[in-house]
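Text of entry23.json, listed as JSON, N, CA and C atoms:
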[["chain", "number", "residue", "atom", "x", "y", "z"],
["E", 252, "MET", "N", -65.24, 70.29, -107.97],
["E", 252, "MET", "CA", -63.91, 70.34, -108.52],
["E", 252, "MET", "C", -63.98, 70.97, -109.92],
["E", 253, "LYS", "N", -62.93, 71.65, -110.30],
["E", 253, "LYS", "CA", -62.81, 72.24, -111.63],
["E", 253, "LYS", "C", -61.92, 71.31, -112.46],
["E", 254, "ILE", "N", -62.48, 70.79, -113.56],
["E", 254, "ILE", "CA", -61.77, 69.81, -114.38],
["E", 254, "ILE", "C", -61.55, 70.38, -115.78],
["E", 255, "GLY", "N", -60.32, 70.39, -116.21],
["E", 255, "GLY", "CA", -59.98, 70.77, -117.57],
["E", 255, "GLY", "C", -59.66, 69.52, -118.37],
["E", 256, "ILE", "N", -60.20, 69.44, -119.56],
["E", 256, "ILE", "CA", -59.95, 68.28, -120.42],
["E", 256, "ILE", "C", -59.38, 68.79, -121.74],
["E", 257, "ILE", "N", -58.27, 68.21, -122.14],
["E", 257, "ILE", "CA", -57.68, 68.52, -123.44],
["E", 257, "ILE", "C", -57.88, 67.29, -124.32],
["E", 258, "LEU", "N", -58.58, 67.47, -125.43],
["E", 258, "LEU", "CA", -58.83, 66.39, -126.38],
["E", 258, "LEU", "C", -57.99, 66.64, -127.62],
["E", 259, "GLU", "N", -57.06, 65.71, -127.92],
["E", 259, "GLU", "CA", -56.14, 65.88, -129.04],
["E", 259, "GLU", "C", -56.29, 64.82, -130.12],
["E", 260, "THR", "N", -57.36, 64.06, -130.09],
["E", 260, "THR", "CA", -57.50, 62.96, -131.05],
["E", 260, "THR", "C", -58.83, 63.03, -131.79],
["E", 261, "ASN", "N", -58.83, 62.47, -132.98],
["E", 261, "ASN", "CA", -60.08, 62.29, -133.71],
["E", 261, "ASN", "C", -60.42, 60.80, -133.80],
["E", 262, "GLU", "N", -59.72, 59.99, -133.00],
["E", 262, "GLU", "CA", -60.02, 58.56, -132.95],
["E", 262, "GLU", "C", -61.37, 58.42, -132.25],
["E", 263, "PRO", "N", -62.35, 57.81, -132.91],
["E", 263, "PRO", "CA", -63.73, 57.82, -132.39],
["E", 263, "PRO", "C", -63.90, 57.32, -130.96],
["E", 264, "GLU", "N", -63.36, 56.18, -130.63],
["E", 264, "GLU", "CA", -63.59, 55.63, -129.28],
["E", 264, "GLU", "C", -62.93, 56.49, -128.21],
["E", 265, "GLN", "N", -61.73, 56.98, -128.45],
["E", 265, "GLN", "CA", -61.06, 57.83, -127.45],
["E", 265, "GLN", "C", -61.80, 59.15, -127.26],
["E", 266, "ALA", "N", -62.20, 59.77, -128.35],
["E", 266, "ALA", "CA", -62.93, 61.04, -128.26],
["E", 266, "ALA", "C", -64.27, 60.82, -127.55],
["E", 267, "TRP", "N", -64.95, 59.75, -127.88],
["E", 267, "TRP", "CA", -66.24, 59.41, -127.27],
["E", 267, "TRP", "C", -66.07, 59.23, -125.76],
["E", 268, "ASN", "N", -65.03, 58.50, -125.36],
["E", 268, "ASN", "CA", -64.78, 58.28, -123.93],
["E", 268, "ASN", "C", -64.43, 59.58, -123.21],
["E", 269, "ALA", "N", -63.66, 60.45, -123.86],
["E", 269, "ALA", "CA", -63.34, 61.75, -123.25],
["E", 269, "ALA", "C", -64.61, 62.54, -122.98],
["E", 270, "LEU", "N", -65.51, 62.53, -123.94],
["E", 270, "LEU", "CA", -66.76, 63.29, -123.78],
["E", 270, "LEU", "C", -67.73, 62.62, -122.82],
["E", 271, "ARG", "N", -67.73, 61.31, -122.78],
["E", 271, "ARG", "CA", -68.56, 60.63, -121.77],
["E", 271, "ARG", "C", -68.06, 60.98, -120.38],
["E", 272, "PHE", "N", -66.73, 61.02, -120.21],
["E", 272, "PHE", "CA", -66.15, 61.42, -118.93],
["E", 272, "PHE", "C", -66.56, 62.85, -118.58],
["E", 273, "ALA", "N", -66.46, 63.74, -119.57],
["E", 273, "ALA", "CA", -66.83, 65.15, -119.35],
["E", 273, "ALA", "C", -68.29, 65.27, -118.94],
["E", 274, "ASN", "N", -69.18, 64.54, -119.61],
["E", 274, "ASN", "CA", -70.60, 64.59, -119.27],
["E", 274, "ASN", "C", -70.88, 63.99, -117.90],
["E", 275, "THR", "N", -70.17, 62.93, -117.55],
["E", 275, "THR", "CA", -70.34, 62.33, -116.23],
["E", 275, "THR", "C", -69.91, 63.31, -115.14],
["E", 276, "ALA", "N", -68.81, 64.00, -115.38],
["E", 276, "ALA", "CA", -68.33, 64.99, -114.40],
["E", 276, "ALA", "C", -69.34, 66.13, -114.23],
["E", 277, "LEU", "N", -69.92, 66.59, -115.33],
["E", 277, "LEU", "CA", -70.95, 67.63, -115.23],
["E", 277, "LEU", "C", -72.13, 67.15, -114.40],
["E", 278, "LYS", "N", -72.55, 65.92, -114.64],
["E", 278, "LYS", "CA", -73.70, 65.37, -113.91],
["E", 278, "LYS", "C", -73.41, 65.23, -112.43],
["E", 279, "GLN", "N", -72.14, 65.13, -112.06],
["E", 279, "GLN", "CA", -71.74, 65.04, -110.65],
["E", 279, "GLN", "C", -71.45, 66.43, -110.07],
["E", 280, "SER", "N", -71.91, 67.47, -110.77],
["E", 280, "SER", "CA", -71.81, 68.87, -110.32],
["E", 280, "SER", "C", -70.39, 69.45, -110.34],
["E", 281, "HIS", "N", -69.51, 68.87, -111.15],
["E", 281, "HIS", "CA", -68.19, 69.47, -111.33],
["E", 281, "HIS", "C", -68.27, 70.52, -112.43],
["E", 282, "GLU", "N", -67.39, 71.50, -112.37],
["E", 282, "GLU", "CA", -67.26, 72.46, -113.46],
["E", 282, "GLU", "C", -66.26, 71.85, -114.44],
["E", 283, "VAL", "N", -66.63, 71.86, -115.72],
["E", 283, "VAL", "CA", -65.77, 71.21, -116.72],
["E", 283, "VAL", "C", -65.58, 72.12, -117.91],
["E", 284, "ARG", "N", -64.32, 72.23, -118.34],
["E", 284, "ARG", "CA", -63.98, 72.94, -119.57],
["E", 284, "ARG", "C", -63.22, 71.98, -120.47],
["E", 285, "LEU", "N", -63.54, 72.02, -121.74],
["E", 285, "LEU", "CA", -62.95, 71.14, -122.74],
["E", 285, "LEU", "C", -62.21, 71.97, -123.76],
["E", 286, "PHE", "N", -60.93, 71.66, -123.98],
["E", 286, "PHE", "CA", -60.14, 72.34, -125.01],
["E", 286, "PHE", "C", -59.81, 71.34, -126.10],
["E", 287, "LEU", "N", -60.27, 71.62, -127.32],
["E", 287, "LEU", "CA", -60.00, 70.77, -128.48],
["E", 287, "LEU", "C", -58.74, 71.27, -129.16],
["E", 288, "MET", "N", -57.79, 70.36, -129.35],
["E", 288, "MET", "CA", -56.50, 70.73, -129.91],
["E", 288, "MET", "C", -56.07, 69.66, -130.91],
["E", 289, "SER", "N", -55.22, 70.01, -131.85],
["E", 289, "SER", "CA", -54.75, 69.07, -132.87],
["E", 289, "SER", "C", -55.96, 68.44, -133.55],
["E", 290, "ALA", "N", -55.94, 67.12, -133.72],
["E", 290, "ALA", "CA", -57.04, 66.43, -134.39],
["E", 290, "ALA", "C", -58.33, 66.48, -133.57],
["E", 291, "GLY", "N", -58.25, 66.85, -132.31],
["E", 291, "GLY", "CA", -59.44, 66.97, -131.47],
["E", 291, "GLY", "C", -60.43, 68.01, -131.97],
["E", 292, "VAL", "N", -59.94, 68.99, -132.76],
["E", 292, "VAL", "CA", -60.86, 70.00, -133.30],
["E", 292, "VAL", "C", -61.84, 69.40, -134.30],
["E", 293, "GLU", "N", -61.60, 68.17, -134.70],
["E", 293, "GLU", "CA", -62.50, 67.47, -135.63],
["E", 293, "GLU", "C", -63.63, 66.75, -134.90],
["E", 294, "ALA", "N", -63.71, 66.88, -133.60],
["E", 294, "ALA", "CA", -64.67, 66.11, -132.79],
["E", 294, "ALA", "C", -66.10, 66.21, -133.28],
["E", 295, "GLU", "N", -66.51, 67.39, -133.67],
["E", 295, "GLU", "CA", -67.90, 67.58, -134.08],
["E", 295, "GLU", "C", -68.23, 66.85, -135.38],
["E", 296, "SER", "N", -67.23, 66.52, -136.16],
["E", 296, "SER", "CA", -67.48, 65.85, -137.44],
["E", 296, "SER", "C", -67.12, 64.36, -137.43],
["E", 297, "ILE", "N", -66.74, 63.83, -136.27],
["E", 297, "ILE", "CA", -66.41, 62.40, -136.20],
["E", 297, "ILE", "C", -67.69, 61.59, -136.34],
["E", 298, "THR", "N", -67.67, 60.67, -137.27],
["E", 298, "THR", "CA", -68.82, 59.77, -137.44],
["E", 298, "THR", "C", -68.35, 58.33, -137.25],
["E", 299, "HIS", "N", -69.13, 57.58, -136.52],
["E", 299, "HIS", "CA", -68.82, 56.17, -136.27],
["E", 299, "HIS", "C", -70.12, 55.50, -135.88],
["E", 300, "GLU", "N", -70.33, 54.29, -136.33],
["E", 300, "GLU", "CA", -71.60, 53.61, -136.06],
["E", 300, "GLU", "C", -71.80, 53.29, -134.58],
["E", 301, "LYS", "N", -70.73, 53.11, -133.84],
["E", 301, "LYS", "CA", -70.85, 52.74, -132.42],
["E", 301, "LYS", "C", -70.58, 53.91, -131.46],
["E", 302, "PHE", "N", -69.66, 54.81, -131.83],
["E", 302, "PHE", "CA", -69.21, 55.87, -130.93],
["E", 302, "PHE", "C", -69.69, 57.22, -131.45],
["E", 303, "ASN", "N", -70.80, 57.71, -130.92],
["E", 303, "ASN", "CA", -71.41, 58.95, -131.40],
["E", 303, "ASN", "C", -70.80, 60.15, -130.67],
["E", 304, "VAL", "N", -69.66, 60.59, -131.16],
["E", 304, "VAL", "CA", -68.92, 61.69, -130.54],
["E", 304, "VAL", "C", -69.72, 62.99, -130.63],
["E", 305, "ARG", "N", -70.29, 63.25, -131.78],
["E", 305, "ARG", "CA", -71.06, 64.48, -131.98],
["E", 305, "ARG", "C", -72.18, 64.61, -130.95],
["E", 306, "GLU", "N", -72.90, 63.53, -130.71],
["E", 306, "GLU", "CA", -73.99, 63.53, -129.74],
["E", 306, "GLU", "C", -73.47, 63.86, -128.34],
["E", 307, "GLN", "N", -72.36, 63.25, -127.96],
["E", 307, "GLN", "CA", -71.77, 63.51, -126.64],
["E", 307, "GLN", "C", -71.29, 64.96, -126.54],
["E", 308, "LEU", "N", -70.69, 65.49, -127.60],
["E", 308, "LEU", "CA", -70.21, 66.87, -127.61],
["E", 308, "LEU", "C", -71.37, 67.85, -127.47],
["E", 309, "HIS", "N", -72.43, 67.62, -128.20],
["E", 309, "HIS", "CA", -73.58, 68.52, -128.13],
["E", 309, "HIS", "C", -74.28, 68.42, -126.76],
["E", 310, "ALA", "N", -74.32, 67.23, -126.18],
["E", 310, "ALA", "CA", -74.88, 67.07, -124.83],
["E", 310, "ALA", "C", -74.04, 67.85, -123.82],
["E", 311, "PHE", "N", -72.72, 67.78, -123.97],
["E", 311, "PHE", "CA", -71.82, 68.51, -123.08],
["E", 311, "PHE", "C", -72.09, 70.01, -123.15],
["E", 312, "ALA", "N", -72.17, 70.54, -124.35],
["E", 312, "ALA", "CA", -72.43, 71.97, -124.54],
["E", 312, "ALA", "C", -73.81, 72.35, -124.01],
["E", 313, "ALA", "N", -74.81, 71.51, -124.24],
["E", 313, "ALA", "CA", -76.18, 71.79, -123.79],
["E", 313, "ALA", "C", -76.28, 71.79, -122.27],
["E", 314, "ASN", "N", -75.41, 71.04, -121.61],
["E", 314, "ASN", "CA", -75.42, 70.96, -120.15],
["E", 314, "ASN", "C", -74.46, 71.95, -119.50],
["E", 315, "LYS", "N", -74.13, 73.01, -120.23],
["E", 315, "LYS", "CA", -73.32, 74.12, -119.73],
["E", 315, "LYS", "C", -71.84, 73.80, -119.59],
["E", 316, "GLY", "N", -71.38, 72.77, -120.31],
["E", 316, "GLY", "CA", -69.94, 72.52, -120.37],
["E", 316, "GLY", "C", -69.32, 73.53, -121.32],
["E", 317, "ALA", "N", -68.16, 74.05, -120.97],
["E", 317, "ALA", "CA", -67.49, 75.05, -121.81],
["E", 317, "ALA", "C", -66.57, 74.35, -122.81],
["E", 318, "VAL", "N", -66.73, 74.69, -124.09],
["E", 318, "VAL", "CA", -65.89, 74.12, -125.14],
["E", 318, "VAL", "C", -65.05, 75.24, -125.75],
["E", 319, "LEU", "N", -63.77, 74.98, -125.86],
["E", 319, "LEU", "CA", -62.83, 75.88, -126.53],
["E", 319, "LEU", "C", -62.13, 75.06, -127.61],
["E", 320, "ALA", "N", -61.80, 75.67, -128.74],
["E", 320, "ALA", "CA", -61.15, 74.94, -129.82],
["E", 320, "ALA", "C", -59.99, 75.76, -130.38],
["E", 321, "CYS", "N", -58.84, 75.15, -130.52],
["E", 321, "CYS", "CA", -57.64, 75.82, -131.00],
["E", 321, "CYS", "C", -57.87, 76.40, -132.39],
["E", 322, "GLY", "N", -57.83, 77.71, -132.48],
["E", 322, "GLY", "CA", -58.06, 78.38, -133.75],
["E", 322, "GLY", "C", -57.01, 78.03, -134.80],
["E", 323, "THR", "N", -55.77, 77.91, -134.39],
["E", 323, "THR", "CA", -54.71, 77.54, -135.33],
["E", 323, "THR", "C", -54.95, 76.15, -135.89],
["E", 324, "CYS", "N", -55.38, 75.22, -135.04],
["E", 324, "CYS", "CA", -55.66, 73.85, -135.47],
["E", 324, "CYS", "C", -56.87, 73.80, -136.40],
["E", 325, "ILE", "N", -57.88, 74.59, -136.10],
["E", 325, "ILE", "CA", -59.08, 74.65, -136.96],
["E", 325, "ILE", "C", -58.71, 75.22, -138.32],
["E", 326, "LYS", "N", -58.01, 76.33, -138.33],
["E", 326, "LYS", "CA", -57.63, 76.97, -139.60],
["E", 326, "LYS", "C", -56.69, 76.07, -140.41],
["E", 327, "GLY", "N", -55.79, 75.37, -139.73],
["E", 327, "GLY", "CA", -54.87, 74.47, -140.40],
["E", 327, "GLY", "C", -55.57, 73.32, -141.10],
["E", 328, "ARG", "N", -56.77, 73.00, -140.65],
["E", 328, "ARG", "CA", -57.57, 71.94, -141.28],
["E", 328, "ARG", "C", -58.61, 72.51, -142.24],
["E", 329, "ARG", "N", -58.55, 73.81, -142.45],
["E", 329, "ARG", "CA", -59.49, 74.52, -143.33],
["E", 329, "ARG", "C", -60.94, 74.30, -142.89],
["E", 330, "GLN", "N", -61.12, 74.28, -141.57],
["E", 330, "GLN", "CA", -62.45, 74.18, -140.98],
["E", 330, "GLN", "C", -62.88, 75.57, -140.54],
["E", 331, "ASP", "N", -64.16, 75.68, -140.23],
["E", 331, "ASP", "CA", -64.69, 76.91, -139.66],
["E", 331, "ASP", "C", -65.07, 76.65, -138.21],
["E", 332, "ALA", "N", -65.04, 77.69, -137.42],
["E", 332, "ALA", "CA", -65.55, 77.59, -136.05],
["E", 332, "ALA", "C", -67.05, 77.34, -136.11],
["E", 333, "THR", "N", -67.59, 76.74, -135.07],
["E", 333, "THR", "CA", -69.03, 76.51, -134.97],
["E", 333, "THR", "C", -69.51, 77.06, -133.64],
["E", 334, "GLU", "N", -70.80, 77.04, -133.44],
["E", 334, "GLU", "CA", -71.35, 77.50, -132.16],
["E", 334, "GLU", "C", -70.83, 76.65, -131.01],
["E", 335, "VAL", "N", -70.71, 75.35, -131.25],
["E", 335, "VAL", "CA", -70.23, 74.44, -130.20],
["E", 335, "VAL", "C", -68.71, 74.53, -130.07],
["E", 336, "CYS", "N", -68.01, 74.78, -131.16],
["E", 336, "CYS", "CA", -66.55, 74.83, -131.16],
["E", 336, "CYS", "C", -66.03, 76.19, -131.62],
["E", 337, "PRO", "N", -66.05, 77.18, -130.74],
["E", 337, "PRO", "CA", -65.58, 78.52, -131.12],
["E", 337, "PRO", "C", -64.05, 78.58, -131.20],
["E", 338, "LEU", "N", -63.55, 79.50, -132.01],
["E", 338, "LEU", "CA", -62.11, 79.70, -132.11],
["E", 338, "LEU", "C", -61.55, 80.18, -130.78],
["E", 339, "SER", "N", -60.48, 79.55, -130.35],
["E", 339, "SER", "CA", -59.81, 79.92, -129.11],
["E", 339, "SER", "C", -58.30, 79.96, -129.37],
["E", 340, "THR", "N", -57.55, 80.30, -128.35],
["E", 340, "THR", "CA", -56.10, 80.46, -128.48],
["E", 340, "THR", "C", -55.36, 79.64, -127.44],
["E", 341, "MET", "N", -54.04, 79.60, -127.57],
["E", 341, "MET", "CA", -53.22, 78.95, -126.56],
["E", 341, "MET", "C", -53.35, 79.68, -125.23],
["E", 342, "GLN", "N", -53.58, 80.98, -125.28],
["E", 342, "GLN", "CA", -53.81, 81.74, -124.04],
["E", 342, "GLN", "C", -55.05, 81.21, -123.33],
["E", 343, "ASP", "N", -56.10, 80.89, -124.10],
["E", 343, "ASP", "CA", -57.32, 80.31, -123.51],
["E", 343, "ASP", "C", -57.03, 78.94, -122.90],
["E", 344, "CYS", "N", -56.19, 78.16, -123.57],
["E", 344, "CYS", "CA", -55.82, 76.84, -123.03],
["E", 344, "CYS", "C", -55.06, 77.01, -121.72],
["E", 345, "LEU", "N", -54.10, 77.93, -121.72],
["E", 345, "LEU", "CA", -53.34, 78.21, -120.50],
["E", 345, "LEU", "C", -54.25, 78.65, -119.37],
["E", 346, "GLN", "N", -55.19, 79.53, -119.66],
["E", 346, "GLN", "CA", -56.12, 79.98, -118.63],
["E", 346, "GLN", "C", -56.97, 78.83, -118.10],
["E", 347, "MET", "N", -57.36, 77.89, -118.97],
["E", 347, "MET", "CA", -58.11, 76.73, -118.51],
["E", 347, "MET", "C", -57.26, 75.88, -117.55],
["E", 348, "VAL", "N", -55.99, 75.68, -117.91],
["E", 348, "VAL", "CA", -55.09, 74.88, -117.07],
["E", 348, "VAL", "C", -54.89, 75.55, -115.72],
["E", 349, "GLU", "N", -54.72, 76.87, -115.72],
["E", 349, "GLU", "CA", -54.55, 77.61, -114.46],
["E", 349, "GLU", "C", -55.83, 77.56, -113.62],
["E", 350, "TRP", "N", -56.99, 77.58, -114.27],
["E", 350, "TRP", "CA", -58.29, 77.55, -113.59],
["E", 350, "TRP", "C", -58.57, 76.19, -112.95],
["E", 351, "ALA", "N", -58.16, 75.12, -113.62],
["E", 351, "ALA", "CA", -58.54, 73.76, -113.23],
["E", 351, "ALA", "C", -57.80, 73.25, -111.99],
["E", 352, "ASP", "N", -58.54, 72.46, -111.21],
["E", 352, "ASP", "CA", -57.90, 71.70, -110.12],
["E", 352, "ASP", "C", -57.16, 70.49, -110.69],
["E", 353, "LYS", "N", -57.72, 69.91, -111.73],
["E", 353, "LYS", "CA", -57.14, 68.74, -112.40],
["E", 353, "LYS", "C", -57.28, 68.93, -113.90],
["E", 354, "VAL", "N", -56.28, 68.48, -114.66],
["E", 354, "VAL", "CA", -56.33, 68.49, -116.11],
["E", 354, "VAL", "C", -56.09, 67.09, -116.61],
["E", 355, "ILE", "N", -56.91, 66.67, -117.56],
["E", 355, "ILE", "CA", -56.83, 65.33, -118.14],
["E", 355, "ILE", "C", -56.67, 65.50, -119.65],
["E", 356, "THR", "N", -55.79, 64.73, -120.24],
["E", 356, "THR", "CA", -55.58, 64.79, -121.69],
["E", 356, "THR", "C", -55.95, 63.45, -122.30],
["E", 357, "PHE", "N", -56.74, 63.51, -123.35],
["E", 357, "PHE", "CA", -57.10, 62.32, -124.12],
["E", 357, "PHE", "C", -56.52, 62.48, -125.51]]

Let's see the structure in the file written out as structure tokens.
Amino acid sequence: MKIGIILETNEPEQAWNALRFANTALKQSHEVRLFLMSAGVEAESITHEKFNVREQLHAFAANKGAVLACGTCIKGRRQDATEVCPLSTMQDCLQMVEWADKVITF
């Protein structure tokens, strides 16, 4: 199955669970694409003693999960794109939604 995930939060436990779900889906041989939007573009910098979002995000990317990040949201936060979180557009988000069999938003 092709699964699209839209992450719109920087709340540590919710972001961590979204990425755990994404990694679980990859391990079950699903194709997964993750689009970071709004506060979700902060995922790589979320720090929490219990919920290691950064670790889950890097594991997702290392396991061939595709990560897209809203360029407008990144620029609005005065952040820079990274290797794990490249600048993307709403067109990329739309293409992910059209590609996916299922879309989940966290």

Checklist line | Every residue of range 256-357 of chain E that DSSP places in strand (DSSP E or B), as a list in words | finding: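 Residues of range 256-357 of chain E classed as strand (DSSP E or B): Ile256, Ile257, Leu258, Glu282, Val283, Arg284, Leu285, Phe286, Leu287, Ala317, Val318, Leu319, Ala320, Cys321, Leu338, Ser339, Lys353, Val354, Ile355 and Thr356 of chain E.
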
Item checked: Between CA of Thr340 in chain E and CA of Ala313 in chain E - distance in Å to one decimal -> 22.4 Å

Checklist line | Distance criterion (all atoms listed in the file): nearest to Cys324 in chain E out of E:Gln279, E:Thr298, E:Ser289, E:Asn268 | finding: E:Ser289

Next item on the list: Enumerate as an MDAnalysis selection string all residues of chain E assigned to helix (DSSP H, G or I) by DSSP on the backbone, naming them with the chain letters and numbers the document uses.
Entry: chainID E and resid 263:278 289:296 304:313 322:327 341:350

Margin query: Using all atoms listed in the file, which protein or nucleic acid residues come within 7 Å of Arg305 in chain E? Drop anything in the same chain fewer than 3 positions from it, and give the result as a PyMOL selection string.
Written below: chain E and resi 294-298+302+308-310

Notebook entry, point to check: Hey, what's within 10 Å of Gly322 in chain E if we count only C-alpha atoms and toss same-chain stuff fewer than 6 positions away? As a PyMOL selection string, please?
Noted result: chain E and resi 287-289+292+328+330-332+336-341

Take the residues that were just selected and, keeping N, CA and C atoms, output them as an mmCIF file, keeping the file's coordinate frame.
data_model
loop_
_atom_site.group_PDB
_atom_site.id
_atom_site.type_symbol
_atom_site.label_atom_id
_atom_site.label_comp_id
_atom_site.auth_asym_id
_atom_site.auth_seq_id
_atom_site.Cartn_x
_atom_site.Cartn_y
_atom_site.Cartn_z
ATOM 1 N N LEU E 287 -60.270 71.620 -127.320
ATOM 2 C CA LEU E 287 -60.000 70.770 -128.480
ATOM 3 C C LEU E 287 -58.740 71.270 -129.160
ATOM 4 N N MET E 288 -57.790 70.360 -129.350
ATOM 5 C CA MET E 288 -56.500 70.730 -129.910
ATOM 6 C C MET E 288 -56.070 69.660 -130.910
ATOM 7 N N SER E 289 -55.220 70.010 -131.850
ATOM 8 C CA SER E 289 -54.750 69.070 -132.870
ATOM 9 C C SER E 289 -55.960 68.440 -133.550
ATOM 10 N N VAL E 292 -59.940 68.990 -132.760
ATOM 11 C CA VAL E 292 -60.860 70.000 -133.300
ATOM 12 C C VAL E 292 -61.840 69.400 -134.300
ATOM 13 N N ARG E 328 -56.770 73.000 -140.650
ATOM 14 C CA ARG E 328 -57.570 71.940 -141.280
ATOM 15 C C ARG E 328 -58.610 72.510 -142.240
ATOM 16 N N GLN E 330 -61.120 74.280 -141.570
ATOM 17 C CA GLN E 330 -62.450 74.180 -140.980
ATOM 18 C C GLN E 330 -62.880 75.570 -140.540
ATOM 19 N N ASP E 331 -64.160 75.680 -140.230
ATOM 20 C CA ASP E 331 -64.690 76.910 -139.660
ATOM 21 C C ASP E 331 -65.070 76.650 -138.210
ATOM 22 N N ALA E 332 -65.040 77.690 -137.420
ATOM 23 C CA ALA E 332 -65.550 77.590 -136.050
ATOM 24 C C ALA E 332 -67.050 77.340 -136.110
ATOM 25 N N CYS E 336 -68.010 74.780 -131.160
ATOM 26 C CA CYS E 336 -66.550 74.830 -131.160
ATOM 27 C C CYS E 336 -66.030 76.190 -131.620
ATOM 28 N N PRO E 337 -66.050 77.180 -130.740
ATOM 29 C CA PRO E 337 -65.580 78.520 -131.120
ATOM 30 C C PRO E 337 -64.050 78.580 -131.200
ATOM 31 N N LEU E 338 -63.550 79.500 -132.010
ATOM 32 C CA LEU E 338 -62.110 79.700 -132.110
ATOM 33 C C LEU E 338 -61.550 80.180 -130.780
ATOM 34 N N SER E 339 -60.480 79.550 -130.350
ATOM 35 C CA SER E 339 -59.810 79.920 -129.110
ATOM 36 C C SER E 339 -58.300 79.960 -129.370
ATOM 37 N N THR E 340 -57.550 80.300 -128.350
ATOM 38 C CA THR E 340 -56.100 80.460 -128.480
ATOM 39 C C THR E 340 -55.360 79.640 -127.440
ATOM 40 N N MET E 341 -54.040 79.600 -127.570
ATOM 41 C CA MET E 341 -53.220 78.950 -126.560
ATOM 42 C C MET E 341 -53.350 79.680 -125.230
#

Would you list the residues near (-67.7, 73.8, -126.7), meaning any protein, DNA or RNA residue with an atom at most 6 Å from that point in file coordinates, counting only N, CA and C atoms, as a PDB file with N, CA and C atoms, keeping the file's coordinate frame?
ATOM      1  N   ALA E 312     -72.170  70.540-124.350  1.00  0.00           N
ATOM      2  CA  ALA E 312     -72.430  71.970-124.540  1.00  0.00           C
ATOM      3  C   ALA E 312     -73.810  72.350-124.010  1.00  0.00           C
ATOM      4  N   GLY E 316     -71.380  72.770-120.310  1.00  0.00           N
ATOM      5  CA  GLY E 316     -69.940  72.520-120.370  1.00  0.00           C
ATOM      6  C   GLY E 316     -69.320  73.530-121.320  1.00  0.00           C
ATOM      7  N   ALA E 317     -68.160  74.050-120.970  1.00  0.00           N
ATOM      8  CA  ALA E 317     -67.490  75.050-121.810  1.00  0.00           C
ATOM      9  C   ALA E 317     -66.570  74.350-122.810  1.00  0.00           C
ATOM     10  N   VAL E 318     -66.730  74.690-124.090  1.00  0.00           N
ATOM     11  CA  VAL E 318     -65.890  74.120-125.140  1.00  0.00           C
ATOM     12  C   VAL E 318     -65.050  75.240-125.750  1.00  0.00           C
ATOM     13  N   LEU E 319     -63.770  74.980-125.860  1.00  0.00           N
ATOM     14  CA  LEU E 319     -62.830  75.880-126.530  1.00  0.00           C
ATOM     15  C   LEU E 319     -62.130  75.060-127.610  1.00  0.00           C
ATOM     16  N   VAL E 335     -70.710  75.350-131.250  1.00  0.00           N
ATOM     17  CA  VAL E 335     -70.230  74.440-130.200  1.00  0.00           C
ATOM     18  C   VAL E 335     -68.710  74.530-130.070  1.00  0.00           C
ATOM     19  N   CYS E 336     -68.010  74.780-131.160  1.00  0.00           N
ATOM     20  CA  CYS E 336     -66.550  74.830-131.160  1.00  0.00           C
ATOM     21  C   CYS E 336     -66.030  76.190-131.620  1.00  0.00           C
ATOM     22  N   PRO E 337     -66.050  77.180-130.740  1.00  0.00           N
ATOM     23  CA  PRO E 337     -65.580  78.520-131.120  1.00  0.00           C
ATOM     24  C   PRO E 337     -64.050  78.580-131.200  1.00  0.00           C
TER      25      PRO E 337
END

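Distances from E:Gln307, E:Ala290, E:Val283, E:Lys253 to Leu270 in chain E were compared using all atoms listed in the file, and the smallest one belongs to E:Gln307.
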
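Between atom N of Ala269 in chain E and atom N of Ile254 in chain E lies a distance of 14.6 Å.
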
Notebook entry, point to check: So, counting all atoms listed in the file, which residue among E:Phe286, E:Gln342, E:His281, E:Asn303 is closest to Trp267 in chain E?
Noted result: E:Asn303
